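Note: the block below is query.cif and it holds mmCIF, C-alpha atoms.
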data_run
#
loop_
_atom_site.label_atom_id
_atom_site.label_comp_id
_atom_site.auth_asym_id
_atom_site.auth_seq_id
_atom_site.Cartn_x
_atom_site.Cartn_y
_atom_site.Cartn_z
CA MET A 13 89.27 -5.08 -44.17
CA THR A 14 86.97 -3.43 -41.66
CA GLU A 15 84.57 -5.66 -39.72
CA ARG A 16 80.93 -4.71 -40.06
CA PRO A 17 77.72 -5.77 -38.38
CA LYS A 18 76.06 -8.77 -39.99
CA LEU A 19 72.46 -8.50 -41.14
CA ALA A 20 70.07 -11.31 -40.26
CA ALA A 21 66.31 -11.79 -40.47
CA LEU A 22 63.93 -13.42 -38.00
CA ALA A 23 60.62 -15.01 -39.03
CA VAL A 24 57.88 -14.27 -36.51
CA VAL A 25 54.92 -16.58 -37.19
CA ILE A 26 51.78 -16.39 -35.04
CA ARG A 27 48.97 -18.90 -35.55
CA GLY A 28 45.96 -19.69 -33.38
CA GLY A 29 47.32 -18.14 -30.19
CA ARG A 30 50.72 -19.80 -30.64
CA VAL A 31 54.11 -18.62 -31.85
CA LEU A 32 56.61 -20.74 -33.74
CA LEU A 33 59.98 -21.02 -31.97
CA VAL A 34 63.10 -23.05 -32.66
CA LYS A 35 65.82 -24.26 -30.32
CA ARG A 36 69.22 -23.06 -31.53
CA ARG A 37 71.88 -25.71 -32.04
CA ASN A 38 74.81 -23.26 -32.51
CA GLU A 39 76.11 -20.11 -30.88
CA PRO A 40 75.02 -17.49 -30.34
CA ASP A 41 72.17 -18.67 -28.12
CA ALA A 42 72.75 -22.43 -28.44
CA GLY A 43 70.08 -24.29 -26.46
CA LEU A 44 67.72 -21.32 -26.26
CA TRP A 45 64.35 -20.92 -27.95
CA GLY A 46 64.03 -18.15 -30.50
CA PHE A 47 62.63 -17.26 -33.88
CA PRO A 48 63.73 -19.09 -37.00
CA GLY A 49 66.15 -16.94 -38.92
CA GLY A 50 69.60 -16.31 -40.23
CA HIS A 51 71.77 -14.30 -42.56
CA VAL A 52 70.51 -12.11 -45.38
CA ASP A 53 72.21 -12.89 -48.70
CA MET A 54 73.59 -10.12 -50.90
CA GLY A 55 70.74 -8.77 -53.04
CA GLU A 56 68.06 -10.45 -50.88
CA THR A 57 65.61 -8.43 -48.81
CA ALA A 58 65.28 -9.22 -45.12
CA LEU A 59 61.60 -10.00 -45.83
CA ASP A 60 62.62 -12.70 -48.32
CA ALA A 61 65.44 -13.96 -46.09
CA ALA A 62 63.01 -14.45 -43.18
CA VAL A 63 60.74 -16.80 -45.14
CA ARG A 64 63.72 -18.60 -46.74
CA GLU A 65 65.32 -19.22 -43.33
CA LEU A 66 61.94 -20.29 -41.91
CA ARG A 67 61.63 -22.93 -44.64
CA GLU A 68 65.27 -24.08 -44.24
CA GLU A 69 65.02 -24.43 -40.45
CA THR A 70 61.45 -25.74 -40.04
CA THR A 71 60.06 -26.73 -43.50
CA LEU A 72 57.15 -24.29 -42.93
CA ILE A 73 55.95 -22.09 -45.79
CA ALA A 74 54.95 -18.50 -45.00
CA ARG A 75 54.55 -15.07 -46.61
CA PRO A 76 56.35 -12.01 -45.27
CA ILE A 77 53.88 -9.34 -44.08
CA ARG A 78 55.94 -6.48 -42.58
CA TYR A 79 58.89 -5.50 -40.48
CA LEU A 80 58.18 -5.48 -36.75
CA THR A 81 61.42 -4.07 -35.36
CA ASN A 82 65.20 -4.22 -35.53
CA ILE A 83 67.39 -5.62 -32.76
CA ASP A 84 71.11 -5.04 -32.24
CA VAL A 85 72.92 -8.03 -30.74
CA ILE A 86 76.43 -7.03 -29.72
CA GLU A 87 78.66 -9.27 -27.63
CA GLN A 88 81.99 -8.20 -26.26
CA GLY A 89 84.83 -10.39 -25.06
CA GLU A 90 86.72 -10.09 -21.77
CA THR A 91 88.98 -7.37 -23.18
CA GLY A 92 86.02 -5.31 -24.35
CA ALA A 93 86.60 -6.08 -28.02
CA VAL A 94 83.46 -6.83 -29.99
CA ARG A 95 83.16 -10.59 -30.61
CA PHE A 96 80.15 -10.25 -32.90
CA HIS A 97 77.52 -7.73 -33.91
CA PHE A 98 74.27 -8.70 -35.61
CA LEU A 99 71.44 -6.45 -36.70
CA LEU A 100 68.31 -8.61 -36.64
CA ALA A 101 65.28 -7.59 -38.70
CA ALA A 102 62.18 -9.15 -37.13
CA VAL A 103 59.64 -9.91 -39.86
CA LEU A 104 56.00 -10.76 -39.20
CA CYS A 105 55.08 -13.70 -41.46
CA GLU A 106 51.74 -15.22 -42.37
CA TYR A 107 51.60 -19.02 -42.05
CA VAL A 108 50.76 -20.78 -45.34
CA SER A 109 51.42 -24.49 -44.81
CA GLY A 110 53.42 -27.24 -43.15
CA ASP A 111 54.24 -28.67 -39.76
CA PRO A 112 57.42 -27.62 -37.94
CA ILE A 113 60.25 -30.10 -38.41
CA ALA A 114 63.68 -29.13 -37.05
CA GLN A 115 66.22 -28.82 -39.87
CA ASP A 116 69.54 -27.13 -40.56
CA ASP A 117 71.01 -25.51 -37.44
CA VAL A 118 68.08 -26.02 -35.04
CA SER A 119 67.52 -29.00 -32.74
CA ASP A 120 63.78 -28.56 -32.18
CA ALA A 121 60.90 -26.57 -33.68
CA ARG A 122 57.43 -26.21 -32.23
CA TRP A 123 54.43 -24.00 -31.67
CA TRP A 124 54.42 -22.42 -28.19
CA PRO A 125 51.33 -20.91 -26.57
CA ILE A 126 51.90 -17.16 -26.53
CA GLU A 127 50.97 -16.87 -22.86
CA GLU A 128 53.67 -19.42 -21.92
CA VAL A 129 56.34 -17.46 -23.80
CA LEU A 130 55.25 -14.15 -22.26
CA ALA A 131 55.17 -15.77 -18.79
CA GLY A 132 58.79 -16.91 -19.21
CA ARG A 133 58.04 -20.65 -19.28
CA ALA A 134 60.32 -21.16 -22.28
CA LEU A 135 64.06 -20.51 -21.97
CA CYS A 136 64.27 -17.94 -24.77
CA SER A 137 66.81 -15.71 -26.41
CA GLN A 138 66.76 -12.08 -25.38
CA HIS A 139 63.94 -9.96 -26.89
CA VAL A 140 61.68 -12.91 -27.84
CA ASP A 141 58.98 -11.75 -25.42
CA SER A 142 59.04 -8.12 -26.60
CA VAL A 143 58.89 -9.17 -30.27
CA VAL A 144 55.96 -11.51 -29.54
CA SER A 145 54.22 -8.59 -27.80
CA LEU A 146 54.79 -6.39 -30.86
CA ALA A 147 53.45 -9.10 -33.17
CA THR A 148 50.30 -9.67 -31.13
CA GLY A 149 49.65 -6.12 -29.93
#
In structure tokens, what does this structure look like?
Amino acid sequence: MTERPKLAALAVVIRGGRVLLVKRRNEPDAGLWGFPGGHVDMGETALDAAVRELREETTLIARPIRYLTNIDVIEQGETGAVRFHFLLAAVLCEYVSGDPIAQDDVSDARWWPIEEVLAGRALCSQHVDSVVSLATG
């Protein structure tokens, strides 16, 4: 069987000058702040996966608005062989209800002031700042 990139969705939620970020418990990016998200199930759109993963990881309810961008995450091992390859669909979501409570595979979930994220005051996964800029621009 041929290995293929894995499709995942990210929920980008902006509210009142803040962005919702979660701290990853597992690799890749364990210990870093990033967007709630995860795998897209067979037959599920990335839009629907983003809000499902948001609810599973933070208990927040949101509506998917639109795709912001796609991000390739490819990591190679010491020999140059690809260890993993994800295609991440960043989805802008509209907040509906709830307070962030870390669940599932995240150790923390909170609203971050956008200016702090863009200034690099949060130890974030790669591309978080550029996606926040797209979402707020």
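Nearest to Lys18 in chain A of all the residues A:Trp45, A:Trp124, A:Tyr79, A:Phe98 is A:Phe98, based on all atoms listed in the file.
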- Message: Given all atoms listed in the file as the basis, pick out the residue of A:Ile77, A:Gly110, A:Leu72, A:Ala134 nearest to Asp60 in chain A.
- Response: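 Smallest separation from Asp60 in chain A among the options: A:Ile77.
Among the candidates A:Leu80, A:Ala131, A:Ala20, A:Val63, the one nearest to Ala147 in chain A when counting all atoms listed in the file is A:Leu80.
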- Task: Find the residues near Cys105 in chain A: any atom within 6 Å, counting only C-alpha atoms, skip ones fewer than 2 places away on the same chain, and give them as a ChimeraX atom specification.
- Result: /A:24-25,74-77
- Message: I need the output of the PyMOL selection byres ((chain A and resi 29) around 10) for this file as a ChimeraX atom specification; which residues are they?
- Response: /A:26-28,30-31,123-127,148
- Task: Kindly give the distance, in Å, that separates CA of Glu15 in chain A and CA of Ser119 in chain A, rounded to a single decimal.
- Result: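 Distance reported for this atom pair: 29.7 Å.
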- Task: Have a look at CA of Glu87 in chain A and CA of Glu69 in chain A and let me know their distance in Å, one decimal.
- Result: 24.1 Å
When you look at Arg16 in chain A with a cut-off of 12 Å (counting only C-alpha atoms), what residues show up, excluding the ones that are within fewer than 6 positions of it in the same chain? I need them as a PDB file with C-alpha atoms, in the frame of the given file.
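Now in selection04.pdb:
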ATOM      1  CA  ILE A  86      76.430  -7.030 -29.720  1.00  0.00           C
ATOM      2  CA  VAL A  94      83.460  -6.830 -29.990  1.00  0.00           C
ATOM      3  CA  ARG A  95      83.160 -10.590 -30.610  1.00  0.00           C
ATOM      4  CA  PHE A  96      80.150 -10.250 -32.900  1.00  0.00           C
ATOM      5  CA  HIS A  97      77.520  -7.730 -33.910  1.00  0.00           C
ATOM      6  CA  PHE A  98      74.270  -8.700 -35.610  1.00  0.00           C
ATOM      7  CA  LEU A  99      71.440  -6.450 -36.700  1.00  0.00           C
TER       8      LEU A  99
END
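Checking A:Arg64, A:His51, A:Arg78, A:Lys35 one by one against Glu106 in chain A, counting only C-alpha atoms, you find the shortest gap at A:Arg78.
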Please return as a PDB file with C-alpha atoms, keeping the file's coordinate frame every residue within 9 Å of (65.2, -20.1, -21.0), taking into account all atoms listed in the file and the file's own coordinates.
ATOM      1  CA  GLY A  43      70.080 -24.290 -26.460  1.00  0.00           C
ATOM      2  CA  LEU A  44      67.720 -21.320 -26.260  1.00  0.00           C
ATOM      3  CA  TRP A  45      64.350 -20.920 -27.950  1.00  0.00           C
ATOM      4  CA  GLY A 132      58.790 -16.910 -19.210  1.00  0.00           C
ATOM      5  CA  ARG A 133      58.040 -20.650 -19.280  1.00  0.00           C
ATOM      6  CA  ALA A 134      60.320 -21.160 -22.280  1.00  0.00           C
ATOM      7  CA  LEU A 135      64.060 -20.510 -21.970  1.00  0.00           C
ATOM      8  CA  CYS A 136      64.270 -17.940 -24.770  1.00  0.00           C
ATOM      9  CA  SER A 137      66.810 -15.710 -26.410  1.00  0.00           C
TER      10      SER A 137
END
- Message: I'd like the neighbourhood of Thr81 in chain A as a list in words, where a residue qualifies if any of its atoms comes within 10 Å (using all atoms listed in the file), though same-chain residues fewer than 4 positions away should be ignored.
- Response: Leu100, Ala101, Ala102, Val103, Leu104, Ser142, Val143, Leu146 and Ala147 of chain A
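CA of Ala62 in chain A lies 13.6 Å from CA of Val34 in chain A.
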